[in-house]
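What follows is the content of protein_30.cif, which has mmCIF, C-alpha atoms:
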```
data_query
loop_
_atom_site.group_PDB
_atom_site.id
_atom_site.type_symbol
_atom_site.label_atom_id
_atom_site.label_comp_id
_atom_site.auth_asym_id
_atom_site.auth_seq_id
_atom_site.Cartn_x
_atom_site.Cartn_y
_atom_site.Cartn_z
ATOM 1 C CA MET A 41 108.263 107.350 104.940
ATOM 2 C CA GLN A 42 107.381 110.857 105.996
ATOM 3 C CA TYR A 43 109.718 111.907 108.782
ATOM 4 C CA LEU A 44 108.988 114.525 111.401
ATOM 5 C CA LYS A 45 111.218 116.615 113.636
ATOM 6 C CA SER A 46 109.937 115.578 117.047
ATOM 7 C CA GLU A 47 109.821 112.154 118.682
ATOM 8 C CA GLU A 48 107.795 113.325 121.658
ATOM 9 C CA LEU A 49 104.615 111.309 122.245
ATOM 10 C CA ALA A 50 105.410 109.029 119.283
ATOM 11 C CA LYS A 51 104.685 105.324 119.733
ATOM 12 C CA LYS A 52 107.994 103.455 119.939
ATOM 13 C CA ILE A 53 108.762 100.605 117.533
ATOM 14 C CA LEU A 54 111.876 98.679 118.525
ATOM 15 C CA PHE A 55 113.846 96.854 115.797
ATOM 16 C CA THR A 56 116.379 94.547 117.385
ATOM 17 C CA GLY A 57 118.314 91.321 116.785
ATOM 18 C CA LEU A 58 121.851 90.245 115.906
ATOM 19 C CA ASP A 59 124.098 92.169 113.530
ATOM 20 C CA PHE A 60 123.574 91.479 109.809
ATOM 21 C CA ALA A 61 120.038 90.208 110.450
ATOM 22 C CA GLY A 62 118.646 92.865 108.097
ATOM 23 C CA LYS A 63 116.937 95.339 110.453
ATOM 24 C CA SER A 64 118.160 98.464 108.677
ATOM 25 C CA SER A 65 117.450 97.041 105.221
ATOM 26 C CA ILE A 66 113.831 96.451 106.235
ATOM 27 C CA ILE A 67 113.465 100.095 107.264
ATOM 28 C CA LEU A 68 115.215 101.329 104.104
ATOM 29 C CA SER A 69 113.039 99.144 101.880
ATOM 30 C CA LEU A 70 109.933 100.721 103.402
ATOM 31 C CA GLN A 71 111.434 104.103 102.567
ATOM 32 C CA LYS A 72 112.206 102.738 99.069
ATOM 33 C CA GLU A 73 115.857 103.745 99.567
ATOM 34 C CA PHE A 74 117.056 100.647 97.696
ATOM 35 C CA SER A 75 120.310 102.239 96.506
ATOM 36 C CA LYS A 76 121.385 102.690 100.144
ATOM 37 C CA ILE A 77 120.869 99.009 100.939
ATOM 38 C CA ALA A 78 123.697 97.974 98.597
ATOM 39 C CA ILE A 79 126.205 100.144 100.470
ATOM 40 C CA LEU A 80 124.701 99.699 103.928
ATOM 41 C CA LYS A 81 127.148 99.418 106.816
ATOM 42 C CA PRO A 82 126.386 97.920 110.251
ATOM 43 C CA THR A 83 124.282 100.258 112.368
ATOM 44 C CA ARG A 84 126.308 102.016 115.051
ATOM 45 C CA GLY A 85 124.260 102.095 118.241
ATOM 46 C CA ALA A 86 120.645 103.235 117.994
ATOM 47 C CA GLU A 87 119.272 105.110 114.978
ATOM 48 C CA ARG A 88 115.878 106.764 115.322
ATOM 49 C CA SER A 89 113.331 108.299 112.973
ATOM 50 C CA VAL A 90 109.658 109.277 113.155
ATOM 51 C CA PHE A 91 106.789 108.748 110.707
ATOM 52 C CA THR A 92 102.993 109.012 110.721
ATOM 53 C CA PHE A 93 100.370 106.352 110.051
ATOM 54 C CA LEU A 94 96.618 107.032 110.148
ATOM 55 C CA GLY A 95 97.159 110.166 112.189
ATOM 56 C CA TYR A 96 99.448 108.553 114.769
ATOM 57 C CA GLU A 97 103.181 109.181 115.135
ATOM 58 C CA PHE A 98 105.600 106.259 115.410
ATOM 59 C CA SER A 99 109.288 106.356 116.305
ATOM 60 C CA THR A 100 111.466 103.557 114.917
ATOM 61 C CA TRP A 101 114.471 102.555 117.021
ATOM 62 C CA ASP A 102 116.954 100.581 114.938
ATOM 63 C CA LEU A 103 119.363 98.966 117.422
ATOM 64 C CA GLY A 104 122.661 97.918 115.892
ATOM 65 C CA GLY A 105 123.244 94.244 116.634
ATOM 66 C CA GLN A 106 126.999 94.038 117.127
ATOM 67 C CA GLN A 107 127.951 92.382 120.408
ATOM 68 C CA ALA A 108 129.421 95.491 122.019
ATOM 69 C CA TYR A 109 126.208 97.399 121.360
ATOM 70 C CA ARG A 110 124.027 94.536 122.615
ATOM 71 C CA ILE A 111 125.941 94.531 125.894
ATOM 72 C CA ASN A 112 125.429 98.288 126.199
ATOM 73 C CA TYR A 113 121.669 98.000 125.603
ATOM 74 C CA LEU A 114 121.323 95.333 128.273
ATOM 75 C CA ARG A 115 123.281 97.485 130.736
ATOM 76 C CA ASN A 116 121.032 100.485 130.029
ATOM 77 C CA PRO A 117 117.565 98.965 129.515
ATOM 78 C CA SER A 118 115.615 102.058 130.555
ATOM 79 C CA LYS A 119 117.346 104.056 127.805
ATOM 80 C CA TYR A 120 116.829 101.585 124.953
ATOM 81 C CA PHE A 121 113.928 99.260 125.822
ATOM 82 C CA ASP A 122 111.585 101.285 128.030
ATOM 83 C CA LYS A 123 108.306 102.597 126.548
ATOM 84 C CA THR A 124 108.453 100.132 123.669
ATOM 85 C CA GLU A 125 104.972 99.837 122.112
ATOM 86 C CA ILE A 126 105.944 97.309 119.413
ATOM 87 C CA ALA A 127 108.966 94.986 119.403
ATOM 88 C CA ILE A 128 110.222 93.561 116.105
ATOM 89 C CA TYR A 129 112.967 90.958 116.465
ATOM 90 C CA VAL A 130 114.723 90.139 113.183
ATOM 91 C CA ILE A 131 116.426 86.785 112.522
ATOM 92 C CA ASP A 132 118.435 85.989 109.388
ATOM 93 C CA ILE A 133 116.852 82.714 108.275
ATOM 94 C CA GLN A 134 119.862 82.010 106.062
ATOM 95 C CA ASP A 135 122.328 82.146 108.979
ATOM 96 C CA SER A 136 121.468 78.900 110.750
ATOM 97 C CA ALA A 137 124.846 78.855 112.535
ATOM 98 C CA ARG A 138 123.686 81.809 114.654
ATOM 99 C CA PHE A 139 120.164 80.653 115.494
ATOM 100 C CA ASP A 140 121.161 79.757 119.057
ATOM 101 C CA ASP A 141 122.822 83.165 119.521
ATOM 102 C CA ALA A 142 119.706 84.882 118.183
ATOM 103 C CA ILE A 143 117.480 82.988 120.628
ATOM 104 C CA ARG A 144 119.787 83.764 123.566
ATOM 105 C CA TYR A 145 119.690 87.479 122.811
ATOM 106 C CA LEU A 146 115.924 87.342 122.323
ATOM 107 C CA LYS A 147 115.661 85.901 125.832
ATOM 108 C CA ASP A 148 117.837 88.766 127.115
ATOM 109 C CA VAL A 149 115.567 91.346 125.472
ATOM 110 C CA ILE A 150 112.429 89.762 126.918
ATOM 111 C CA LYS A 151 114.077 89.721 130.350
ATOM 112 C CA GLN A 152 114.557 93.493 130.090
ATOM 113 C CA PHE A 153 110.896 93.941 129.143
ATOM 114 C CA LYS A 154 109.843 92.010 132.240
ATOM 115 C CA GLU A 155 112.142 94.007 134.514
ATOM 116 C CA LEU A 156 110.763 97.224 133.051
ATOM 117 C CA GLU A 157 107.237 95.821 133.555
ATOM 118 C CA ILE A 158 106.221 96.250 129.923
ATOM 119 C CA VAL A 159 104.685 93.660 127.605
ATOM 120 C CA PRO A 160 104.837 95.045 124.053
ATOM 121 C CA PRO A 161 103.530 92.727 121.316
ATOM 122 C CA LEU A 162 106.521 90.825 119.935
ATOM 123 C CA TYR A 163 106.892 90.121 116.225
ATOM 124 C CA ILE A 164 109.584 87.738 115.009
ATOM 125 C CA PHE A 165 110.652 88.459 111.427
ATOM 126 C CA PHE A 166 112.222 85.438 109.761
ATOM 127 C CA HIS A 167 114.091 87.646 107.341
ATOM 128 C CA LYS A 168 115.831 86.946 104.021
ATOM 129 C CA VAL A 169 113.168 84.448 102.952
ATOM 130 C CA ASP A 170 114.085 85.453 99.417
ATOM 131 C CA PRO A 171 112.133 84.344 96.322
ATOM 132 C CA ALA A 172 115.234 82.522 95.019
ATOM 133 C CA LEU A 173 115.436 80.569 98.276
ATOM 134 C CA ILE A 174 111.764 79.642 98.071
ATOM 135 C CA LYS A 175 112.143 78.530 94.467
ATOM 136 C CA GLU A 176 115.126 76.348 95.352
ATOM 137 C CA SER A 177 113.266 74.337 97.984
ATOM 138 C CA ARG A 178 110.086 75.523 99.677
ATOM 139 C CA THR A 179 109.790 72.245 101.614
ATOM 140 C CA ASP A 180 113.261 72.498 103.163
ATOM 141 C CA LEU A 181 112.625 76.141 104.018
ATOM 142 C CA ASN A 182 109.299 75.313 105.669
ATOM 143 C CA ASN A 183 110.981 72.636 107.778
ATOM 144 C CA LEU A 184 113.748 75.059 108.786
ATOM 145 C CA ILE A 185 111.250 77.740 109.818
ATOM 146 C CA LEU A 186 109.056 75.232 111.646
ATOM 147 C CA GLY A 187 112.043 73.938 113.607
ATOM 148 C CA LEU A 188 113.207 77.428 114.524
ATOM 149 C CA THR A 189 109.698 78.464 115.552
ATOM 150 C CA GLU A 190 109.489 75.459 117.893
ATOM 151 C CA LYS A 191 112.891 76.276 119.417
ATOM 152 C CA ILE A 192 111.801 79.859 120.078
ATOM 153 C CA ASN A 193 108.483 78.823 121.624
ATOM 154 C CA ASN A 194 110.270 76.286 123.834
ATOM 155 C CA ALA A 195 112.922 78.794 124.916
ATOM 156 C CA ILE A 196 110.718 81.734 125.876
ATOM 157 C CA GLU A 197 107.440 82.443 127.611
ATOM 158 C CA TYR A 198 105.679 85.465 126.171
ATOM 159 C CA GLU A 199 101.981 86.145 125.845
ATOM 160 C CA LYS A 200 102.024 88.256 122.676
ATOM 161 C CA ILE A 201 104.221 86.776 119.942
ATOM 162 C CA ASN A 202 103.692 86.508 116.174
ATOM 163 C CA PHE A 203 105.851 85.356 113.274
ATOM 164 C CA TYR A 204 106.352 86.780 109.769
ATOM 165 C CA GLU A 205 108.456 85.787 106.770
ATOM 166 C CA THR A 206 110.056 88.788 105.055
ATOM 167 C CA SER A 207 112.490 89.666 102.291
ATOM 168 C CA ILE A 208 113.679 92.921 100.728
ATOM 169 C CA TYR A 209 113.277 91.134 97.384
ATOM 170 C CA ASP A 210 109.571 90.714 98.144
ATOM 171 C CA LEU A 211 108.604 94.226 99.196
ATOM 172 C CA PHE A 212 104.977 93.262 99.705
ATOM 173 C CA SER A 213 106.024 90.836 102.487
ATOM 174 C CA ILE A 214 107.523 93.735 104.464
ATOM 175 C CA MET A 215 104.751 96.162 103.570
ATOM 176 C CA LEU A 216 102.085 93.675 104.659
ATOM 177 C CA ALA A 217 103.853 92.735 107.897
ATOM 178 C CA ILE A 218 104.425 96.321 109.059
ATOM 179 C CA SER A 219 100.924 97.381 107.978
ATOM 180 C CA GLU A 220 99.231 94.554 109.891
ATOM 181 C CA ILE A 221 101.333 95.304 112.968
ATOM 182 C CA LEU A 222 100.396 99.002 112.965
ATOM 183 C CA LEU A 223 96.744 98.316 112.181
ATOM 184 C CA ASN A 224 96.535 96.187 115.328
ATOM 185 C CA LEU A 225 96.872 99.475 117.240
ATOM 186 C CA TYR A 226 94.199 101.222 115.173
ATOM 187 C CA PRO A 227 90.669 100.770 116.601
ATOM 188 C CA LYS A 228 88.930 101.128 113.231
ATOM 189 C CA SER A 229 91.023 98.621 111.263
ATOM 190 C CA ASN A 230 88.352 95.902 111.168
ATOM 191 C CA LEU A 231 85.761 98.455 110.084
ATOM 192 C CA ILE A 232 88.020 99.570 107.218
ATOM 193 C CA ASP A 233 88.371 96.059 105.792
ATOM 194 C CA LYS A 234 84.663 95.286 106.250
ATOM 195 C CA THR A 235 83.583 98.507 104.555
ATOM 196 C CA LEU A 236 86.159 98.064 101.789
ATOM 197 C CA SER A 237 84.869 94.544 101.111
ATOM 198 C CA GLU A 238 81.262 95.735 100.936
ATOM 199 C CA PHE A 239 82.203 98.626 98.633
ATOM 200 C CA GLY A 240 84.325 96.409 96.376
ATOM 201 C CA LYS A 241 81.514 93.898 95.953
ATOM 202 C CA LYS A 242 78.998 96.661 95.303
ATOM 203 C CA ILE A 243 80.972 98.140 92.395
ATOM 204 C CA LYS A 244 82.005 94.662 91.189
ATOM 205 C CA ALA A 245 85.715 95.402 91.605
ATOM 206 C CA GLU A 246 88.073 92.448 91.434
ATOM 207 C CA GLY A 247 90.380 93.948 94.018
ATOM 208 C CA LEU A 248 90.786 97.145 96.011
ATOM 209 C CA MET A 249 93.542 98.523 98.232
ATOM 210 C CA ILE A 250 93.988 101.675 100.281
ATOM 211 C CA ILE A 251 97.610 102.831 100.651
ATOM 212 C CA ASP A 252 98.843 105.768 102.722
ATOM 213 C CA ASP A 253 101.606 108.330 102.099
ATOM 214 C CA ASN A 254 104.173 105.980 103.614
ATOM 215 C CA SER A 255 103.284 103.226 101.121
ATOM 216 C CA LEU A 256 101.770 101.210 103.947
ATOM 217 C CA LEU A 257 98.628 99.173 103.454
ATOM 218 C CA VAL A 258 95.569 100.603 105.221
ATOM 219 C CA GLY A 259 92.957 98.158 103.912
ATOM 220 C CA ARG A 260 92.414 95.602 101.164
ATOM 221 C CA TYR A 261 89.735 93.548 99.432
ATOM 222 C CA TYR A 262 90.353 90.601 97.100
ATOM 223 C CA SER A 263 87.582 88.873 95.161
ATOM 224 C CA ASN A 264 89.650 85.671 94.957
ATOM 225 C CA ASP A 265 93.134 84.239 95.555
ATOM 226 C CA GLU A 266 94.261 84.995 91.987
ATOM 227 C CA ILE A 267 93.597 88.720 92.478
ATOM 228 C CA LYS A 268 95.398 88.578 95.819
ATOM 229 C CA GLN A 269 98.464 87.104 94.106
ATOM 230 C CA ILE A 270 98.313 89.686 91.311
ATOM 231 C CA LEU A 271 98.172 92.567 93.803
ATOM 232 C CA SER A 272 101.026 91.078 95.811
ATOM 233 C CA ALA A 273 103.183 90.599 92.710
ATOM 234 C CA SER A 274 102.376 94.105 91.441
ATOM 235 C CA SER A 275 102.869 95.997 94.693
ATOM 236 C CA PRO A 276 106.468 97.176 94.026
ATOM 237 C CA TYR A 277 105.360 98.619 90.697
ATOM 238 C CA PHE A 278 102.498 100.547 92.264
ATOM 239 C CA LEU A 279 104.685 101.759 95.101
ATOM 240 C CA THR A 280 106.801 103.344 92.379
ATOM 241 C CA LEU A 281 103.627 104.948 91.017
ATOM 242 C CA HIS A 282 103.063 106.333 94.505
ATOM 243 C CA ASP A 283 106.296 108.323 94.226
ATOM 244 C CA ARG A 284 105.748 109.337 90.598
ATOM 245 C CA PHE A 285 102.037 109.984 90.826
ATOM 246 C CA ASN A 286 102.212 113.462 89.319
ATOM 247 C CA GLU A 287 104.197 112.315 86.274
ATOM 248 C CA ALA A 288 102.167 111.597 83.149
ATOM 249 C CA ASP A 289 104.691 109.738 81.030
ATOM 250 C CA ILE A 290 104.843 106.313 82.718
ATOM 251 C CA GLU A 291 105.056 103.600 80.091
ATOM 252 C CA GLY A 292 101.825 101.649 79.611
ATOM 253 C CA SER A 293 99.714 104.120 81.568
ATOM 254 C CA THR A 294 97.331 107.020 80.975
ATOM 255 C CA LYS A 295 96.471 109.870 83.269
ATOM 256 C CA LYS A 296 93.353 112.019 83.516
ATOM 257 C CA GLU A 297 92.499 114.504 86.228
ATOM 258 C CA ASP A 298 89.399 112.607 87.346
ATOM 259 C CA GLU A 299 90.761 109.113 86.831
ATOM 260 C CA GLY A 300 94.227 109.457 88.330
ATOM 261 C CA MET A 301 96.623 106.852 86.934
ATOM 262 C CA VAL A 302 95.240 103.974 84.873
ATOM 263 C CA VAL A 303 97.548 101.063 84.048
ATOM 264 C CA GLN A 304 96.965 97.810 82.175
ATOM 265 C CA ARG A 305 98.820 94.780 83.561
ATOM 266 C CA PHE A 306 98.184 91.031 83.616
ATOM 267 C CA GLY A 307 95.146 91.543 81.372
ATOM 268 C CA LYS A 308 93.537 93.740 84.053
ATOM 269 C CA TYR A 309 92.998 97.454 84.475
ATOM 270 C CA PHE A 310 94.403 99.146 87.579
ATOM 271 C CA GLN A 311 93.455 102.615 88.786
ATOM 272 C CA PHE A 312 95.704 104.434 91.228
ATOM 273 C CA LYS A 313 94.221 107.665 92.555
ATOM 274 C CA GLU A 314 94.834 110.095 95.407
ATOM 275 C CA ILE A 315 91.930 110.781 97.742
ATOM 276 C CA LYS A 316 91.522 113.426 100.436
ATOM 277 C CA PHE A 317 89.303 113.511 103.501
ATOM 278 C CA ARG A 318 88.113 116.421 105.654
ATOM 279 C CA SER A 319 90.170 117.201 108.771
ATOM 280 C CA ASP A 320 92.801 114.639 107.728
ATOM 281 C CA PRO A 321 96.031 116.075 106.276
ATOM 282 C CA GLY A 322 97.442 112.656 105.434
ATOM 283 C CA GLY A 323 97.320 111.469 101.842
ATOM 284 C CA ARG A 324 95.492 108.305 100.859
ATOM 285 C CA TYR A 325 95.547 106.416 97.590
ATOM 286 C CA TYR A 326 93.245 103.719 96.387
ATOM 287 C CA LEU A 327 94.289 100.999 93.988
ATOM 288 C CA LEU A 328 91.356 99.458 92.127
ATOM 289 C CA ILE A 329 91.400 96.432 89.809
ATOM 290 C CA ALA A 330 88.604 95.993 87.268
ATOM 291 C CA LYS A 331 87.999 94.174 84.003
ATOM 292 C CA ASP A 332 87.536 97.422 82.084
ATOM 293 C CA THR A 333 88.106 101.153 82.503
ATOM 294 C CA TYR A 334 84.402 102.016 82.478
ATOM 295 C CA GLU A 335 84.479 101.648 86.266
ATOM 296 C CA PHE A 336 86.885 104.568 86.653
ATOM 297 C CA ASP A 337 84.879 107.795 86.906
ATOM 298 C CA ILE A 338 84.519 110.769 89.217
ATOM 299 C CA ASN A 339 81.241 109.468 90.673
ATOM 300 C CA LEU A 340 83.049 106.375 91.917
ATOM 301 C CA THR A 341 85.684 108.500 93.661
ATOM 302 C CA ASN A 342 83.060 110.744 95.285
ATOM 303 C CA GLU A 343 81.109 107.728 96.514
ATOM 304 C CA PHE A 344 84.270 106.179 97.917
ATOM 305 C CA ILE A 345 85.160 109.372 99.812
ATOM 306 C CA GLU A 346 81.633 109.738 101.155
ATOM 307 C CA ILE A 347 81.589 106.176 102.503
ATOM 308 C CA PHE A 348 85.023 106.359 104.150
ATOM 309 C CA GLN A 349 84.868 110.007 105.301
ATOM 310 C CA ASP A 350 84.066 109.325 108.949
ATOM 311 C CA ILE A 351 86.367 106.304 109.208
ATOM 312 C CA PHE A 352 89.471 108.252 108.200
ATOM 313 C CA THR A 353 88.698 111.435 110.106
ATOM 314 C CA ILE A 354 90.691 111.300 113.333
#
```

Exercise: express the given structure as structure tokens:
Amino acid sequence: MQYLKSEELAKKILFTGLDFAGKSSIILSLQKEFSKIAILKPTRGAERSVFTFLGYEFSTWDLGGQQAYRINYLRNPSKYFDKTEIAIYVIDIQDSARFDDAIRYLKDVIKQFKELEIVPPLYIFFHKVDPALIKESRTDLNNLILGLTEKINNAIEYEKINFYETSIYDLFSIMLAISEILLNLYPKSNLIDKTLSEFGKKIKAEGLMIIDDNSLLVGRYYSNDEIKQILSASSPYFLTLHDRFNEADIEGSTKKEDEGMVVQRFGKYFQFKEIKFRSDPGGRYYLLIAKDTYEFDINLTNEFIEIFQDIFTI
């Protein structure tokens, strides 16, 4: 993510939950700091950082989940919980022995929100839903998640609550969850998807994504479920392309000034190209899937920019 110096006026995103739930690893995976995850130590107190998304600034508050810190947060709610715009509560789905503890602390957090007279949308991340765990027994996992969801709904009363399944081994799950959460605050999000769908159908694209500088999903269009699965499975690869966009020697790819990066995978052609809009300093990238490379030309890029110019100008 792109970090800024000031946290003033930034919208506050609160990451909280028990220790070892995976809050910090989620943030690091979004930053693509995977090497740090392996040596990650428990967060000490609150760690903060600021990033931009669609012209808005967001401040992430990563609250360490050790018991001593949790007690401190609850004793100083105005310092840690006040002005929260988005609350993300992370639960380790593989640590069933601590489910009751996680629910008790969730109730404590919600109590602080009520006393502070704030009602931020609450997102429960059932974290560590790893691909290996799914492969072992999807049915057992579904039953576990269903049971935990029911326990949470029975234990708390909250008007804005949503659930996501995430894993650092499925980067798209985190990317999609955070993107959808942030887009809920963006008034033009529905217009982006509608316009992207119309444009994708017009040029007969099989799939189309818009990604921002933070590797967050701004909009997407899939012609069918197969293309959706291909984009989901390929997302980590193209996030790497995001960081290496100016390098020309990526295996299996070609690069031309007008075309950007063109890659062949899964029998499809993918184009990854940077786009710029007037009065908008933030970078955007579109990822286009087509049956052949004849679709990838400068006229297509110009048409895309012209259609989305007003939408992305803040």

Practice problem: Using the chain letters and numbering of this document, enumerate as a count of residues only the residues selected by the PyMOL selection byres ((chain A and resi 233-237) around 10). | Solution: 25

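Every protein, DNA or RNA residue with an atom at most 8 Å from A:Glu125, where only C-alpha atoms count and chain neighbours fewer than 6 positions away do not, is listed here: Lys51, Lys52, Ile53, Leu54, Pro160 and Pro161 of chain A.
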
Exercise. Kindly give the distance, in Å, that separates atom CA of A:Asp170 and atom CA of A:Gln134, rounded to a single decimal.
Key: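 It comes out at 9.5 Å.
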
Exercise. Could you tell me which residues the PyMOL selection byres ((chain A and resi 209) around 9) returns for this structure, as number ranges by chain?
Key: A: 168-171, 206-208, 210-213

Practice problem: To verify the selection step, state as a PyMOL selection string which residues the PyMOL selection byres ((chain A and resi 268-270) around 10) yields on this input. | Solution: chain A and resi 246-248+260-267+271-275+305-306+308+329

Could you save the residues just selected, with C-alpha atoms, as an mmCIF file, in the coordinates of the input?
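result08.cif written:
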```cif
data_model
loop_
_atom_site.group_PDB
_atom_site.id
_atom_site.type_symbol
_atom_site.label_atom_id
_atom_site.label_comp_id
_atom_site.auth_asym_id
_atom_site.auth_seq_id
_atom_site.Cartn_x
_atom_site.Cartn_y
_atom_site.Cartn_z
ATOM 1 C CA GLU A 246 88.073 92.448 91.434
ATOM 2 C CA GLY A 247 90.380 93.948 94.018
ATOM 3 C CA LEU A 248 90.786 97.145 96.011
ATOM 4 C CA ARG A 260 92.414 95.602 101.164
ATOM 5 C CA TYR A 261 89.735 93.548 99.432
ATOM 6 C CA TYR A 262 90.353 90.601 97.100
ATOM 7 C CA SER A 263 87.582 88.873 95.161
ATOM 8 C CA ASN A 264 89.650 85.671 94.957
ATOM 9 C CA ASP A 265 93.134 84.239 95.555
ATOM 10 C CA GLU A 266 94.261 84.995 91.987
ATOM 11 C CA ILE A 267 93.597 88.720 92.478
ATOM 12 C CA LEU A 271 98.172 92.567 93.803
ATOM 13 C CA SER A 272 101.026 91.078 95.811
ATOM 14 C CA ALA A 273 103.183 90.599 92.710
ATOM 15 C CA SER A 274 102.376 94.105 91.441
ATOM 16 C CA SER A 275 102.869 95.997 94.693
ATOM 17 C CA ARG A 305 98.820 94.780 83.561
ATOM 18 C CA PHE A 306 98.184 91.031 83.616
ATOM 19 C CA LYS A 308 93.537 93.740 84.053
ATOM 20 C CA ILE A 329 91.400 96.432 89.809
#
```

Please determine an axis-aligned box that encloses all atoms of stretch 255-262 of chain A listed in the file, with 6 Å added on each side, and express its centre and edge lengths in Å to one decimal as AutoDock Vina command-line options.
```
--center_x 96.5 --center_y 96.9 --center_z 101.2 --size_x 25.5 --size_y 24.6 --size_z 20.1
```

Quiz prompt | Å distance separating atom CA of A:Leu225 from atom CA of A:Glu197, one decimal place | solution =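 Computing it gives 22.6 Å between the two atoms.
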
Practice problem: Please indicate the distance in Å from atom CA of A:Val130 to atom CA of A:Gly57, rounded to one decimal place. | Solution: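 Taking atom CA of A:Val130 as the start and atom CA of A:Gly57 as the end point, the length is 5.2 Å.
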
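With only C-alpha atoms as the atoms that count, the residue of A:Val302, A:Ile243, A:Leu146, A:Leu340 with the shortest distance to A:Leu114 is A:Leu146.
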
Quiz item: Which polymer residues have any atom within 12 Å of an atom of A:Phe166, counting only C-alpha atoms, with same-chain residues fewer than 2 positions away left out, as a VMD selection string?
Solution: chain A and resid 57 61 to 63 66 128 to 136 139 142 163 to 164 168 to 170 181 to 182 184 to 186 188 to 189 192 202 to 208 213 to 214 217

Include C-alpha atoms and write out the residues we just selected as an mmCIF file, keeping the file's coordinate frame.
```
data_model
loop_
_atom_site.group_PDB
_atom_site.id
_atom_site.type_symbol
_atom_site.label_atom_id
_atom_site.label_comp_id
_atom_site.auth_asym_id
_atom_site.auth_seq_id
_atom_site.Cartn_x
_atom_site.Cartn_y
_atom_site.Cartn_z
ATOM 1 C CA GLY A 57 118.314 91.321 116.785
ATOM 2 C CA ALA A 61 120.038 90.208 110.450
ATOM 3 C CA GLY A 62 118.646 92.865 108.097
ATOM 4 C CA LYS A 63 116.937 95.339 110.453
ATOM 5 C CA ILE A 66 113.831 96.451 106.235
ATOM 6 C CA ILE A 128 110.222 93.561 116.105
ATOM 7 C CA TYR A 129 112.967 90.958 116.465
ATOM 8 C CA VAL A 130 114.723 90.139 113.183
ATOM 9 C CA ILE A 131 116.426 86.785 112.522
ATOM 10 C CA ASP A 132 118.435 85.989 109.388
ATOM 11 C CA ILE A 133 116.852 82.714 108.275
ATOM 12 C CA GLN A 134 119.862 82.010 106.062
ATOM 13 C CA ASP A 135 122.328 82.146 108.979
ATOM 14 C CA SER A 136 121.468 78.900 110.750
ATOM 15 C CA PHE A 139 120.164 80.653 115.494
ATOM 16 C CA ALA A 142 119.706 84.882 118.183
ATOM 17 C CA TYR A 163 106.892 90.121 116.225
ATOM 18 C CA ILE A 164 109.584 87.738 115.009
ATOM 19 C CA LYS A 168 115.831 86.946 104.021
ATOM 20 C CA VAL A 169 113.168 84.448 102.952
ATOM 21 C CA ASP A 170 114.085 85.453 99.417
ATOM 22 C CA LEU A 181 112.625 76.141 104.018
ATOM 23 C CA ASN A 182 109.299 75.313 105.669
ATOM 24 C CA LEU A 184 113.748 75.059 108.786
ATOM 25 C CA ILE A 185 111.250 77.740 109.818
ATOM 26 C CA LEU A 186 109.056 75.232 111.646
ATOM 27 C CA LEU A 188 113.207 77.428 114.524
ATOM 28 C CA THR A 189 109.698 78.464 115.552
ATOM 29 C CA ILE A 192 111.801 79.859 120.078
ATOM 30 C CA ASN A 202 103.692 86.508 116.174
ATOM 31 C CA PHE A 203 105.851 85.356 113.274
ATOM 32 C CA TYR A 204 106.352 86.780 109.769
ATOM 33 C CA GLU A 205 108.456 85.787 106.770
ATOM 34 C CA THR A 206 110.056 88.788 105.055
ATOM 35 C CA SER A 207 112.490 89.666 102.291
ATOM 36 C CA ILE A 208 113.679 92.921 100.728
ATOM 37 C CA SER A 213 106.024 90.836 102.487
ATOM 38 C CA ILE A 214 107.523 93.735 104.464
ATOM 39 C CA ALA A 217 103.853 92.735 107.897
#
```

Practice problem: Find, counting all atoms listed in the file, the residue in A:Phe98, A:Phe93, A:Tyr198, A:Phe153 that gets nearest to A:Tyr120. | Solution: A:Phe153

Exercise. Counting all atoms listed in the file, select every polymer residue within 7 Å of (115.3, 80.8, 123.3) as defined in the file's coordinates, and provide the selection as a PyMOL selection string.
Key: chain A and resi 143-144+146-147+191-192+194-196
